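To start, the structure under review is shown below, and the notes come after it.
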Amino acid sequence: MTRATWRTRLGFVLAAVGSAVGLGNIWRFPWLTATNGGAAFLLLYVLVIVLVGVPGLLGEMVIGRRSRRNPVGAFGELGGRPWRVLGGVALFASVVVLSFYSVVGGWILRYTAASATGAYFGAPQQYFAAIDFGVGAAAFHALFLLATVAVVYAGVDRGIELATTVMVPGIVVLFGGLAVWAWTLPGSAGGYEFYLSLDVAYLRANFFDVLVAAAGQALFTLSVGAGAMLTYASYIDEDRSLAADGTIIAVLNTGIGVLAGLVIFPLLFSLGVSPGEGGPGALFVGLAGAFADLPYSRVVGVVFFGVVLLAALSSAISIFEVLVAYLVDEHDITRARATAGVGGLFLLTGSLAALSPGLFALLADTIANLALTAGLLGFLLFVGWVLGPAAIDEYRTGAGTVARMTGRPWYYTVAVVLPLFLAFTLVSGLGGVLGVPVTAPQAAAIAALGVVVAIALVRHRVDTAV
Ligand code: TRP
């Protein structure tokens with residue numbers, strides 16, 4: 001059976017942007033900005049996207065296109081059997097992320113419908129508290145999952161590519177419209193000031209915390225660490241420039257994130273709602289509750305949650321596809337069966353998360369971050385020390401002159417700088433989870449030692465394997 005490919009370059013880019021743009025941009029990013037010093041966070045975030053996110057994304061894409069396989073097959077093909085374990089980490093991270101993501105997708109679906117009837121307008125707090133977890137939440141999660149299944153089932157080019165080619169421009173147009181409309185509301189100016197003001201003193205005092213937050217967000221929003229971009233890149237042809245496509249994806253993703261902030265903050269300020277804490281409540285209680293006071297409140301609600309729904313769906317598709325690609329490539333079963341099997345798996349894990357707030361929080365707040373960071377760390381050590389200079393060849397394949405020149409700097413960044421940085425955030429994060437707070441210098445020392453040992457072990461394996 002010949003492997004699927006994207007029909008057009010634009011099709012791939014839009015599918016990847018669809019993966020990147022999601023709940024991460026719409027509620028996580030604006031609120032992180034608000035609670036981490038406004039424009040100071042924005043600056044640092046853009047820096048982390050450029051220095052960490054984009055090279056990391058390109059690392060995943062290099063593995064995918066070089067091998068033309070799902071994550072497990074890719075590492076096995078390029079490095080030998082034992083490396084398949086890295087693909088296993090990717091599958092694990094994918095299961096973790098989609099299990100809670102589709103629960104939130106279910107909430108969004110419900111709010112789209114509830115906006116049409118105005119169900120939450122009277123008592124937003126009580127409404128959210130009544131629907132967030134339980135059998136109803138599991139049911140709406142299942143509906144959201146069903147939509148994901150339908151797209152993935154239709155295939156890479158006729159399902160994913162077609163759907164995201166319609167959805168992504170739709171997201172941009174609708175958000176653009178909402179941003180302009182929010183600007184016309186009385187009192188919106190306070191929102192821009194809050195969102196875009198530069199709090200340098202805050203940044204100075206909390207530099208490392210803000211940096212770790214920005215790094216986690218950069219990985220999540222670019223969909224790296226779980227093999228989704230690796231899988232999407234496995235369907236690209238050789239004549240494309242990975243560097244150019246990766247840069248376009250990151251720029252569009254960041255742009256849409258900023259745009260989401262330009263909708264949310266002016267809206268909140270004009271309605272006199274204080275931008276609360278981050279997390280689910282912010283979107284569903286503060287913002288949604290305020291819709292009731294607007295003219296055409298139902299239309300506003302349906303359009304707003306409808307866009308968020310599109311964004312969430314086009315992200316969920318990419319995570320789901322990782323597991324389907326694995327089953328189709330490695331176990332030689334049909335796409336239809338693979339889709340049904342993976343759907344069944346997520347029906348189970350997602351329902352558990354929908355029934356248990358504790359499990360949901362554990363997956364969303366803790367395990368996802370750790371798994372994505374560990375995943376990307378492993379991928380990049382592989383690119384740097386197992387693939388080695390072949391990675392530069394792959395990076396340069398199909399690239400123009402400018403992109404070719406960035407091959408070598410990119411390689412050193414991926415082989416040395418990023419592993420150190422990711423190990424640092426991993427150690428800091430783990431310290432927090434285990435309740436043993438580590439200081440920044442301690443985390444840096446542990447990370448450096450860990451990376452050196454890991455590289456030595458990898459080199460030893462590669463040398464003895466030949
Ligand atoms: N990037 C998406 C968002 O911001 C979420 C997402 C999709 C994702 N695919 C992923 C996150 C793979 C991590 C890994 O909402």
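In the structure tokens, chains take letters A, B, ... by order of appearance, with residues numbered from 1 within each chain and ligands from 1 in the order shown.
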Checklist entry - When the cut-off is 7 Å and you count only C-alpha atoms and all ligand atoms, which residues lie near ligand 1, shown as a PyMOL selection string? => result chain A and resi 19-25+94+97+219-228+312+315-316+318-319+372
Dump as a compact mmCIF listing (two decimals), in the first residue's frame, selection limited to N, CA and C atoms:
```txt
# COMPACT_ATOMS: atom_id res chain seq x y z
N SER A 19 -3.18 22.06 13.85
CA SER A 19 -2.72 21.32 15.02
C SER A 19 -2.23 22.27 16.10
N ALA A 20 -1.45 23.25 15.68
CA ALA A 20 -0.83 24.16 16.64
C ALA A 20 -1.86 25.07 17.30
N VAL A 21 -2.76 25.64 16.49
CA VAL A 21 -3.73 26.58 17.04
C VAL A 21 -4.85 25.81 17.73
N GLY A 22 -5.00 26.02 19.00
CA GLY A 22 -6.03 25.29 19.73
C GLY A 22 -6.30 25.94 21.06
N LEU A 23 -6.75 25.13 21.99
CA LEU A 23 -7.08 25.65 23.32
C LEU A 23 -5.87 26.32 23.95
N GLY A 24 -4.69 25.85 23.59
CA GLY A 24 -3.46 26.44 24.11
C GLY A 24 -3.38 27.93 23.77
N ASN A 25 -3.79 28.29 22.57
CA ASN A 25 -3.73 29.70 22.17
C ASN A 25 -4.86 30.49 22.78
N SER A 94 0.79 11.36 23.62
CA SER A 94 -0.41 11.61 22.83
C SER A 94 -1.66 11.17 23.59
N VAL A 97 -2.32 13.71 26.43
CA VAL A 97 -2.83 15.01 26.00
C VAL A 97 -4.28 14.89 25.51
N LEU A 219 6.11 24.68 23.85
CA LEU A 219 6.03 23.31 23.35
C LEU A 219 4.59 22.91 23.10
N PHE A 220 3.73 23.22 24.09
CA PHE A 220 2.34 22.81 23.96
C PHE A 220 1.70 23.46 22.74
N THR A 221 1.91 24.74 22.57
CA THR A 221 1.22 25.44 21.50
C THR A 221 1.74 25.05 20.12
N LEU A 222 3.01 24.66 20.03
CA LEU A 222 3.51 24.21 18.72
C LEU A 222 3.28 22.73 18.49
N SER A 223 2.61 22.07 19.42
CA SER A 223 2.30 20.64 19.30
C SER A 223 3.53 19.77 19.19
N VAL A 224 4.62 20.13 19.85
CA VAL A 224 5.80 19.26 19.77
C VAL A 224 5.96 18.43 21.05
N GLY A 225 6.65 17.31 20.91
CA GLY A 225 6.92 16.45 22.06
C GLY A 225 6.09 15.18 22.09
N ALA A 226 5.02 15.14 21.27
CA ALA A 226 4.15 13.96 21.28
C ALA A 226 4.13 13.26 19.92
N GLY A 227 4.95 13.73 19.00
CA GLY A 227 5.03 13.06 17.70
C GLY A 227 3.97 13.47 16.69
N ALA A 228 3.15 14.48 17.02
CA ALA A 228 2.11 14.90 16.08
C ALA A 228 2.73 15.56 14.84
N ALA A 312 -10.11 23.63 18.48
CA ALA A 312 -9.86 22.45 19.33
C ALA A 312 -9.90 21.17 18.48
N SER A 315 -6.87 20.51 16.36
CA SER A 315 -5.73 20.06 17.17
C SER A 315 -5.91 18.60 17.57
N ALA A 316 -7.11 18.26 17.99
CA ALA A 316 -7.37 16.90 18.44
C ALA A 316 -7.08 15.90 17.32
N SER A 318 -4.83 15.97 15.09
CA SER A 318 -3.41 15.70 14.90
C SER A 318 -2.87 14.73 15.95
N ILE A 319 -3.43 14.80 17.14
CA ILE A 319 -2.97 13.88 18.19
C ILE A 319 -3.50 12.48 17.90
N LEU A 372 5.62 15.80 27.52
CA LEU A 372 5.99 16.53 26.30
C LEU A 372 7.46 16.97 26.37
```
If you count only C-alpha atoms, which residues fall within 10 Å of Arg408 in chain A, apart from same-chain ones fewer than 2 positions away, as an mmCIF file with all heavy atoms, in the first residue's frame?
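So the final result, stored in around05.cif, reads:
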```cif
data_model
loop_
_atom_site.group_PDB
_atom_site.id
_atom_site.type_symbol
_atom_site.label_atom_id
_atom_site.label_comp_id
_atom_site.auth_asym_id
_atom_site.auth_seq_id
_atom_site.Cartn_x
_atom_site.Cartn_y
_atom_site.Cartn_z
ATOM 1 N N PRO A 389 24.997 14.026 11.490
ATOM 2 C CA PRO A 389 25.033 14.925 10.347
ATOM 3 C C PRO A 389 23.985 14.604 9.276
ATOM 4 O O PRO A 389 23.632 15.474 8.485
ATOM 5 C CB PRO A 389 26.446 14.715 9.778
ATOM 6 C CG PRO A 389 27.245 14.206 10.933
ATOM 7 C CD PRO A 389 26.305 13.408 11.779
ATOM 8 N N ALA A 391 21.049 14.433 9.767
ATOM 9 C CA ALA A 391 19.949 15.348 10.073
ATOM 10 C C ALA A 391 20.103 16.650 9.298
ATOM 11 O O ALA A 391 19.121 17.226 8.832
ATOM 12 C CB ALA A 391 19.892 15.624 11.574
ATOM 13 N N ILE A 392 21.347 17.105 9.153
ATOM 14 C CA ILE A 392 21.573 18.359 8.405
ATOM 15 C C ILE A 392 21.200 18.155 6.936
ATOM 16 O O ILE A 392 20.594 19.019 6.318
ATOM 17 C CB ILE A 392 23.034 18.833 8.532
ATOM 18 C CG1 ILE A 392 23.418 18.953 10.012
ATOM 19 C CG2 ILE A 392 23.232 20.178 7.821
ATOM 20 C CD1 ILE A 392 24.827 19.473 10.247
ATOM 21 N N ASP A 393 21.543 16.989 6.387
ATOM 22 C CA ASP A 393 21.154 16.696 5.010
ATOM 23 C C ASP A 393 19.650 16.781 4.831
ATOM 24 O O ASP A 393 19.146 17.380 3.886
ATOM 25 C CB ASP A 393 21.569 15.259 4.626
ATOM 26 C CG ASP A 393 23.053 15.157 4.405
ATOM 27 O OD1 ASP A 393 23.699 16.214 4.268
ATOM 28 O OD2 ASP A 393 23.551 14.009 4.376
ATOM 29 N N TYR A 395 17.518 18.294 6.702
ATOM 30 C CA TYR A 395 17.102 19.681 6.922
ATOM 31 C C TYR A 395 17.268 20.480 5.639
ATOM 32 O O TYR A 395 16.441 21.318 5.292
ATOM 33 C CB TYR A 395 17.964 20.266 8.031
ATOM 34 C CG TYR A 395 17.659 21.690 8.439
ATOM 35 C CD1 TYR A 395 16.847 21.941 9.537
ATOM 36 C CD2 TYR A 395 18.215 22.772 7.763
ATOM 37 C CE1 TYR A 395 16.586 23.232 9.944
ATOM 38 C CE2 TYR A 395 17.962 24.073 8.163
ATOM 39 C CZ TYR A 395 17.146 24.303 9.256
ATOM 40 O OH TYR A 395 16.899 25.574 9.656
ATOM 41 N N ARG A 396 18.358 20.199 4.916
ATOM 42 C CA ARG A 396 18.650 20.988 3.715
ATOM 43 C C ARG A 396 17.903 20.507 2.488
ATOM 44 O O ARG A 396 17.833 21.223 1.490
ATOM 45 C CB ARG A 396 20.146 20.953 3.440
ATOM 46 C CG ARG A 396 20.916 21.778 4.461
ATOM 47 C CD ARG A 396 22.374 21.852 4.106
ATOM 48 N NE ARG A 396 23.056 22.799 4.961
ATOM 49 C CZ ARG A 396 24.351 22.714 5.250
ATOM 50 N NH1 ARG A 396 25.084 21.733 4.748
ATOM 51 N NH2 ARG A 396 24.908 23.614 6.036
ATOM 52 N N ARG A 404 19.247 26.764 3.825
ATOM 53 C CA ARG A 404 20.401 25.857 3.828
ATOM 54 C C ARG A 404 21.480 26.363 4.782
ATOM 55 O O ARG A 404 22.130 25.587 5.468
ATOM 56 C CB ARG A 404 20.993 25.728 2.417
ATOM 57 C CG ARG A 404 20.081 25.023 1.438
ATOM 58 C CD ARG A 404 20.758 24.894 0.088
ATOM 59 N NE ARG A 404 21.914 24.006 0.146
ATOM 60 C CZ ARG A 404 21.829 22.691 0.085
ATOM 61 N NH1 ARG A 404 20.650 22.117 -0.058
ATOM 62 N NH2 ARG A 404 22.898 21.952 0.153
ATOM 63 N N MET A 405 21.637 27.695 4.803
ATOM 64 C CA MET A 405 22.688 28.267 5.651
ATOM 65 C C MET A 405 22.406 28.067 7.132
ATOM 66 O O MET A 405 23.319 28.075 7.941
ATOM 67 C CB MET A 405 22.846 29.756 5.356
ATOM 68 C CG MET A 405 23.586 29.986 4.059
ATOM 69 S SD MET A 405 24.000 31.692 3.703
ATOM 70 C CE MET A 405 22.746 32.639 4.458
ATOM 71 N N THR A 406 21.127 27.903 7.466
ATOM 72 C CA THR A 406 20.808 27.735 8.885
ATOM 73 C C THR A 406 20.975 26.288 9.347
ATOM 74 O O THR A 406 20.784 25.980 10.526
ATOM 75 C CB THR A 406 19.358 28.186 9.182
ATOM 76 O OG1 THR A 406 18.478 27.399 8.361
ATOM 77 C CG2 THR A 406 19.156 29.652 8.893
ATOM 78 N N TRP A 410 21.387 25.296 13.299
ATOM 79 C CA TRP A 410 20.214 24.562 13.791
ATOM 80 C C TRP A 410 20.663 23.249 14.444
ATOM 81 O O TRP A 410 20.224 22.892 15.531
ATOM 82 C CB TRP A 410 19.247 24.265 12.638
ATOM 83 C CG TRP A 410 18.212 23.245 13.016
ATOM 84 C CD1 TRP A 410 17.098 23.459 13.781
ATOM 85 C CD2 TRP A 410 18.230 21.849 12.703
ATOM 86 N NE1 TRP A 410 16.424 22.272 13.971
ATOM 87 C CE2 TRP A 410 17.091 21.268 13.309
ATOM 88 C CE3 TRP A 410 19.088 21.025 11.962
ATOM 89 C CZ2 TRP A 410 16.800 19.913 13.207
ATOM 90 C CZ3 TRP A 410 18.801 19.679 11.849
ATOM 91 C CH2 TRP A 410 17.666 19.134 12.477
ATOM 92 N N TYR A 411 21.570 22.555 13.793
ATOM 93 C CA TYR A 411 22.006 21.252 14.288
ATOM 94 C C TYR A 411 22.639 21.363 15.679
ATOM 95 O O TYR A 411 22.331 20.590 16.578
ATOM 96 C CB TYR A 411 22.978 20.617 13.293
ATOM 97 C CG TYR A 411 23.546 19.313 13.780
ATOM 98 C CD1 TYR A 411 22.779 18.162 13.782
ATOM 99 C CD2 TYR A 411 24.844 19.248 14.277
ATOM 100 C CE1 TYR A 411 23.283 16.973 14.255
ATOM 101 C CE2 TYR A 411 25.366 18.051 14.750
ATOM 102 C CZ TYR A 411 24.582 16.915 14.738
ATOM 103 O OH TYR A 411 25.081 15.743 15.212
ATOM 104 N N TYR A 412 23.522 22.341 15.843
ATOM 105 C CA TYR A 412 24.158 22.483 17.160
ATOM 106 C C TYR A 412 23.155 22.895 18.228
ATOM 107 O O TYR A 412 23.235 22.458 19.380
ATOM 108 C CB TYR A 412 25.347 23.447 17.096
ATOM 109 C CG TYR A 412 26.474 22.838 16.311
ATOM 110 C CD1 TYR A 412 26.894 23.370 15.106
ATOM 111 C CD2 TYR A 412 27.084 21.669 16.766
ATOM 112 C CE1 TYR A 412 27.901 22.772 14.357
ATOM 113 C CE2 TYR A 412 28.089 21.061 16.028
ATOM 114 C CZ TYR A 412 28.501 21.612 14.834
ATOM 115 O OH TYR A 412 29.476 21.003 14.112
ATOM 116 N N THR A 413 22.199 23.723 17.831
ATOM 117 C CA THR A 413 21.156 24.114 18.787
ATOM 118 C C THR A 413 20.405 22.881 19.270
ATOM 119 O O THR A 413 20.164 22.689 20.468
ATOM 120 C CB THR A 413 20.151 25.074 18.111
ATOM 121 O OG1 THR A 413 20.881 26.137 17.525
ATOM 122 C CG2 THR A 413 19.155 25.619 19.101
ATOM 123 N N VAL A 414 20.055 22.028 18.311
ATOM 124 C CA VAL A 414 19.238 20.866 18.624
ATOM 125 C C VAL A 414 20.035 19.803 19.380
ATOM 126 O O VAL A 414 19.515 19.103 20.247
ATOM 127 C CB VAL A 414 18.663 20.307 17.303
ATOM 128 C CG1 VAL A 414 18.205 18.883 17.459
ATOM 129 C CG2 VAL A 414 17.504 21.178 16.847
#
```
Can you list every residue of range 227-339 of chain A that has an atom at most 6 Å from range 59-78 of chain A, with its nearest atom pair and the distance in Å to one decimal, using only C-alpha atoms, ordered by chain then number, as JSON lines?
```
{"residue": "A:Gly227", "atom": "CA", "partner": "A:Pro71", "partner_atom": "CA", "distance": 6.0}
{"residue": "A:Leu230", "atom": "CA", "partner": "A:Gly64", "partner_atom": "CA", "distance": 4.4}
{"residue": "A:Thr231", "atom": "CA", "partner": "A:Asn70", "partner_atom": "CA", "distance": 5.4}
{"residue": "A:Ala233", "atom": "CA", "partner": "A:Gly64", "partner_atom": "CA", "distance": 5.1}
{"residue": "A:Ser234", "atom": "CA", "partner": "A:Arg68", "partner_atom": "CA", "distance": 4.2}
{"residue": "A:Ala325", "atom": "CA", "partner": "A:Asn70", "partner_atom": "CA", "distance": 5.4}
{"residue": "A:Tyr326", "atom": "CA", "partner": "A:Asn70", "partner_atom": "CA", "distance": 5.1}
```
Next on the checklist: Considering only alpha helix (DSSP H) as DSSP defines it on the backbone, what residues of range 121-170 of chain A qualify? List them as a PyMOL selection string.
Outcome noted: chain A and resi 124-131+135-153+162-170
Got time to write the residues from that selection, N, CA, C and O atoms, as a compact mmCIF listing (two decimals), in the first residue's frame?
```txt
# COMPACT_ATOMS: atom_id res chain seq x y z
N PRO A 124 -23.73 31.79 35.33
CA PRO A 124 -22.61 31.12 34.65
C PRO A 124 -21.79 30.23 35.57
O PRO A 124 -21.41 29.13 35.18
N GLN A 125 -21.56 30.70 36.79
CA GLN A 125 -20.75 29.92 37.73
C GLN A 125 -21.41 28.57 38.04
O GLN A 125 -20.76 27.51 37.93
N GLN A 126 -22.68 28.61 38.34
CA GLN A 126 -23.41 27.39 38.68
C GLN A 126 -23.50 26.47 37.46
O GLN A 126 -23.41 25.25 37.59
N TYR A 127 -23.69 27.08 36.30
CA TYR A 127 -23.82 26.26 35.10
C TYR A 127 -22.53 25.48 34.86
O TYR A 127 -22.56 24.27 34.65
N PHE A 128 -21.40 26.16 34.94
CA PHE A 128 -20.14 25.46 34.70
C PHE A 128 -19.90 24.38 35.74
O PHE A 128 -19.50 23.26 35.42
N ALA A 129 -20.18 24.72 37.00
CA ALA A 129 -19.97 23.75 38.08
C ALA A 129 -20.86 22.51 37.88
O ALA A 129 -20.50 21.41 38.28
N ALA A 130 -22.01 22.72 37.24
CA ALA A 130 -22.92 21.59 37.06
C ALA A 130 -22.51 20.68 35.89
O ALA A 130 -22.88 19.50 35.87
N ILE A 131 -21.79 21.23 34.93
CA ILE A 131 -21.51 20.41 33.75
C ILE A 131 -20.04 19.98 33.62
O ILE A 131 -19.70 19.18 32.75
N VAL A 135 -21.32 12.46 34.14
CA VAL A 135 -21.80 11.68 33.00
C VAL A 135 -22.06 12.57 31.78
O VAL A 135 -21.73 12.22 30.64
N GLY A 136 -22.63 13.75 32.03
CA GLY A 136 -22.88 14.68 30.93
C GLY A 136 -21.59 15.08 30.24
O GLY A 136 -21.50 15.11 29.01
N ALA A 137 -20.58 15.37 31.04
CA ALA A 137 -19.28 15.75 30.47
C ALA A 137 -18.70 14.61 29.65
O ALA A 137 -18.13 14.82 28.56
N ALA A 138 -18.87 13.39 30.14
CA ALA A 138 -18.37 12.23 29.40
C ALA A 138 -19.12 12.09 28.07
O ALA A 138 -18.53 11.75 27.03
N ALA A 139 -20.42 12.38 28.09
CA ALA A 139 -21.22 12.26 26.87
C ALA A 139 -20.77 13.29 25.84
O ALA A 139 -20.60 12.98 24.65
N PHE A 140 -20.59 14.55 26.27
CA PHE A 140 -20.15 15.57 25.31
C PHE A 140 -18.72 15.32 24.83
O PHE A 140 -18.38 15.59 23.68
N HIS A 141 -17.89 14.78 25.71
CA HIS A 141 -16.55 14.38 25.30
C HIS A 141 -16.65 13.34 24.18
O HIS A 141 -15.92 13.40 23.20
N ALA A 142 -17.59 12.41 24.34
CA ALA A 142 -17.74 11.35 23.33
C ALA A 142 -18.17 11.95 21.98
O ALA A 142 -17.71 11.51 20.92
N LEU A 143 -19.03 12.97 22.03
CA LEU A 143 -19.46 13.62 20.80
C LEU A 143 -18.30 14.31 20.10
O LEU A 143 -18.13 14.23 18.88
N PHE A 144 -17.51 15.01 20.90
CA PHE A 144 -16.33 15.69 20.35
C PHE A 144 -15.39 14.67 19.71
O PHE A 144 -14.85 14.87 18.62
N LEU A 145 -15.22 13.55 20.40
CA LEU A 145 -14.36 12.48 19.91
C LEU A 145 -14.90 11.94 18.59
O LEU A 145 -14.14 11.64 17.65
N LEU A 146 -16.20 11.83 18.51
CA LEU A 146 -16.83 11.31 17.30
C LEU A 146 -16.51 12.20 16.09
O LEU A 146 -16.21 11.71 15.00
N ALA A 147 -16.53 13.50 16.30
CA ALA A 147 -16.19 14.43 15.22
C ALA A 147 -14.73 14.23 14.80
O ALA A 147 -14.40 14.24 13.61
N THR A 148 -13.86 14.04 15.78
CA THR A 148 -12.45 13.80 15.49
C THR A 148 -12.29 12.51 14.68
O THR A 148 -11.58 12.48 13.67
N VAL A 149 -12.97 11.47 15.11
CA VAL A 149 -12.92 10.18 14.43
C VAL A 149 -13.36 10.32 12.97
O VAL A 149 -12.72 9.79 12.06
N ALA A 150 -14.44 11.08 12.76
CA ALA A 150 -14.99 11.20 11.41
C ALA A 150 -13.95 11.79 10.46
O ALA A 150 -13.79 11.32 9.32
N VAL A 151 -13.22 12.81 10.91
CA VAL A 151 -12.23 13.45 10.05
C VAL A 151 -11.04 12.53 9.80
O VAL A 151 -10.60 12.34 8.66
N VAL A 152 -10.53 11.91 10.85
CA VAL A 152 -9.35 11.06 10.71
C VAL A 152 -9.68 9.82 9.86
O VAL A 152 -8.87 9.38 9.04
N TYR A 153 -10.88 9.32 10.03
CA TYR A 153 -11.32 8.14 9.28
C TYR A 153 -11.28 8.41 7.77
O TYR A 153 -10.91 7.55 6.99
N LEU A 162 -8.48 18.33 3.89
CA LEU A 162 -9.68 19.04 3.46
C LEU A 162 -10.30 19.81 4.62
O LEU A 162 -10.61 21.00 4.52
N ALA A 163 -10.45 19.14 5.76
CA ALA A 163 -11.11 19.77 6.91
C ALA A 163 -10.32 20.99 7.39
O ALA A 163 -10.88 22.05 7.63
N THR A 164 -8.99 20.84 7.51
CA THR A 164 -8.23 21.95 8.07
C THR A 164 -8.08 23.09 7.07
O THR A 164 -7.94 24.24 7.46
N THR A 165 -8.15 22.78 5.78
CA THR A 165 -8.06 23.85 4.78
C THR A 165 -9.28 24.77 4.87
O THR A 165 -9.21 25.95 4.54
N VAL A 166 -10.38 24.22 5.33
CA VAL A 166 -11.57 25.05 5.53
C VAL A 166 -11.54 25.69 6.92
O VAL A 166 -11.85 26.87 7.10
N MET A 167 -11.12 24.90 7.92
CA MET A 167 -11.23 25.36 9.30
C MET A 167 -10.27 26.50 9.65
O MET A 167 -10.66 27.48 10.29
N VAL A 168 -9.01 26.37 9.22
CA VAL A 168 -8.02 27.36 9.66
C VAL A 168 -8.31 28.77 9.14
O VAL A 168 -8.34 29.72 9.92
N PRO A 169 -8.59 28.93 7.84
CA PRO A 169 -8.97 30.28 7.41
C PRO A 169 -10.24 30.75 8.12
O PRO A 169 -10.36 31.93 8.46
N GLY A 170 -11.16 29.83 8.39
CA GLY A 170 -12.37 30.19 9.13
C GLY A 170 -12.04 30.75 10.51
O GLY A 170 -12.61 31.76 10.94
```
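For the set A:Leu457, A:Leu348, A:Ala399, A:Ala465, the residue with the smallest atom-to-atom gap to Ser99 in chain A is A:Leu348, counting only C-alpha atoms.
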Next on the checklist: I'd like the neighbourhood of Leu377 in chain A as JSON, numbers by chain, where a residue qualifies if any of its atoms comes within 7 Å (using only C-alpha atoms), though same-chain residues fewer than 4 positions away should be ignored.
Outcome noted: {"A": [373, 381, 419, 422]}
Would you export the selected residues with C-alpha atoms as an mmCIF file, in the first residue's frame, please?
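Everything below was put into out.cif:
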```
data_model
loop_
_atom_site.group_PDB
_atom_site.id
_atom_site.type_symbol
_atom_site.label_atom_id
_atom_site.label_comp_id
_atom_site.auth_asym_id
_atom_site.auth_seq_id
_atom_site.Cartn_x
_atom_site.Cartn_y
_atom_site.Cartn_z
ATOM 1 C CA THR A 373 9.262 17.898 27.681
ATOM 2 C CA LEU A 381 19.118 13.852 21.582
ATOM 3 C CA PRO A 419 18.728 19.369 25.466
ATOM 4 C CA LEU A 422 14.767 21.102 28.190
#
```
Next on the checklist: Could you list, as a VMD selection string, every residue within 6 Å of Gly38 in chain A, counting only C-alpha atoms and ignoring same-chain residues fewer than 3 positions away?
Outcome noted: chain A and resid 33 to 34 41 195 to 198
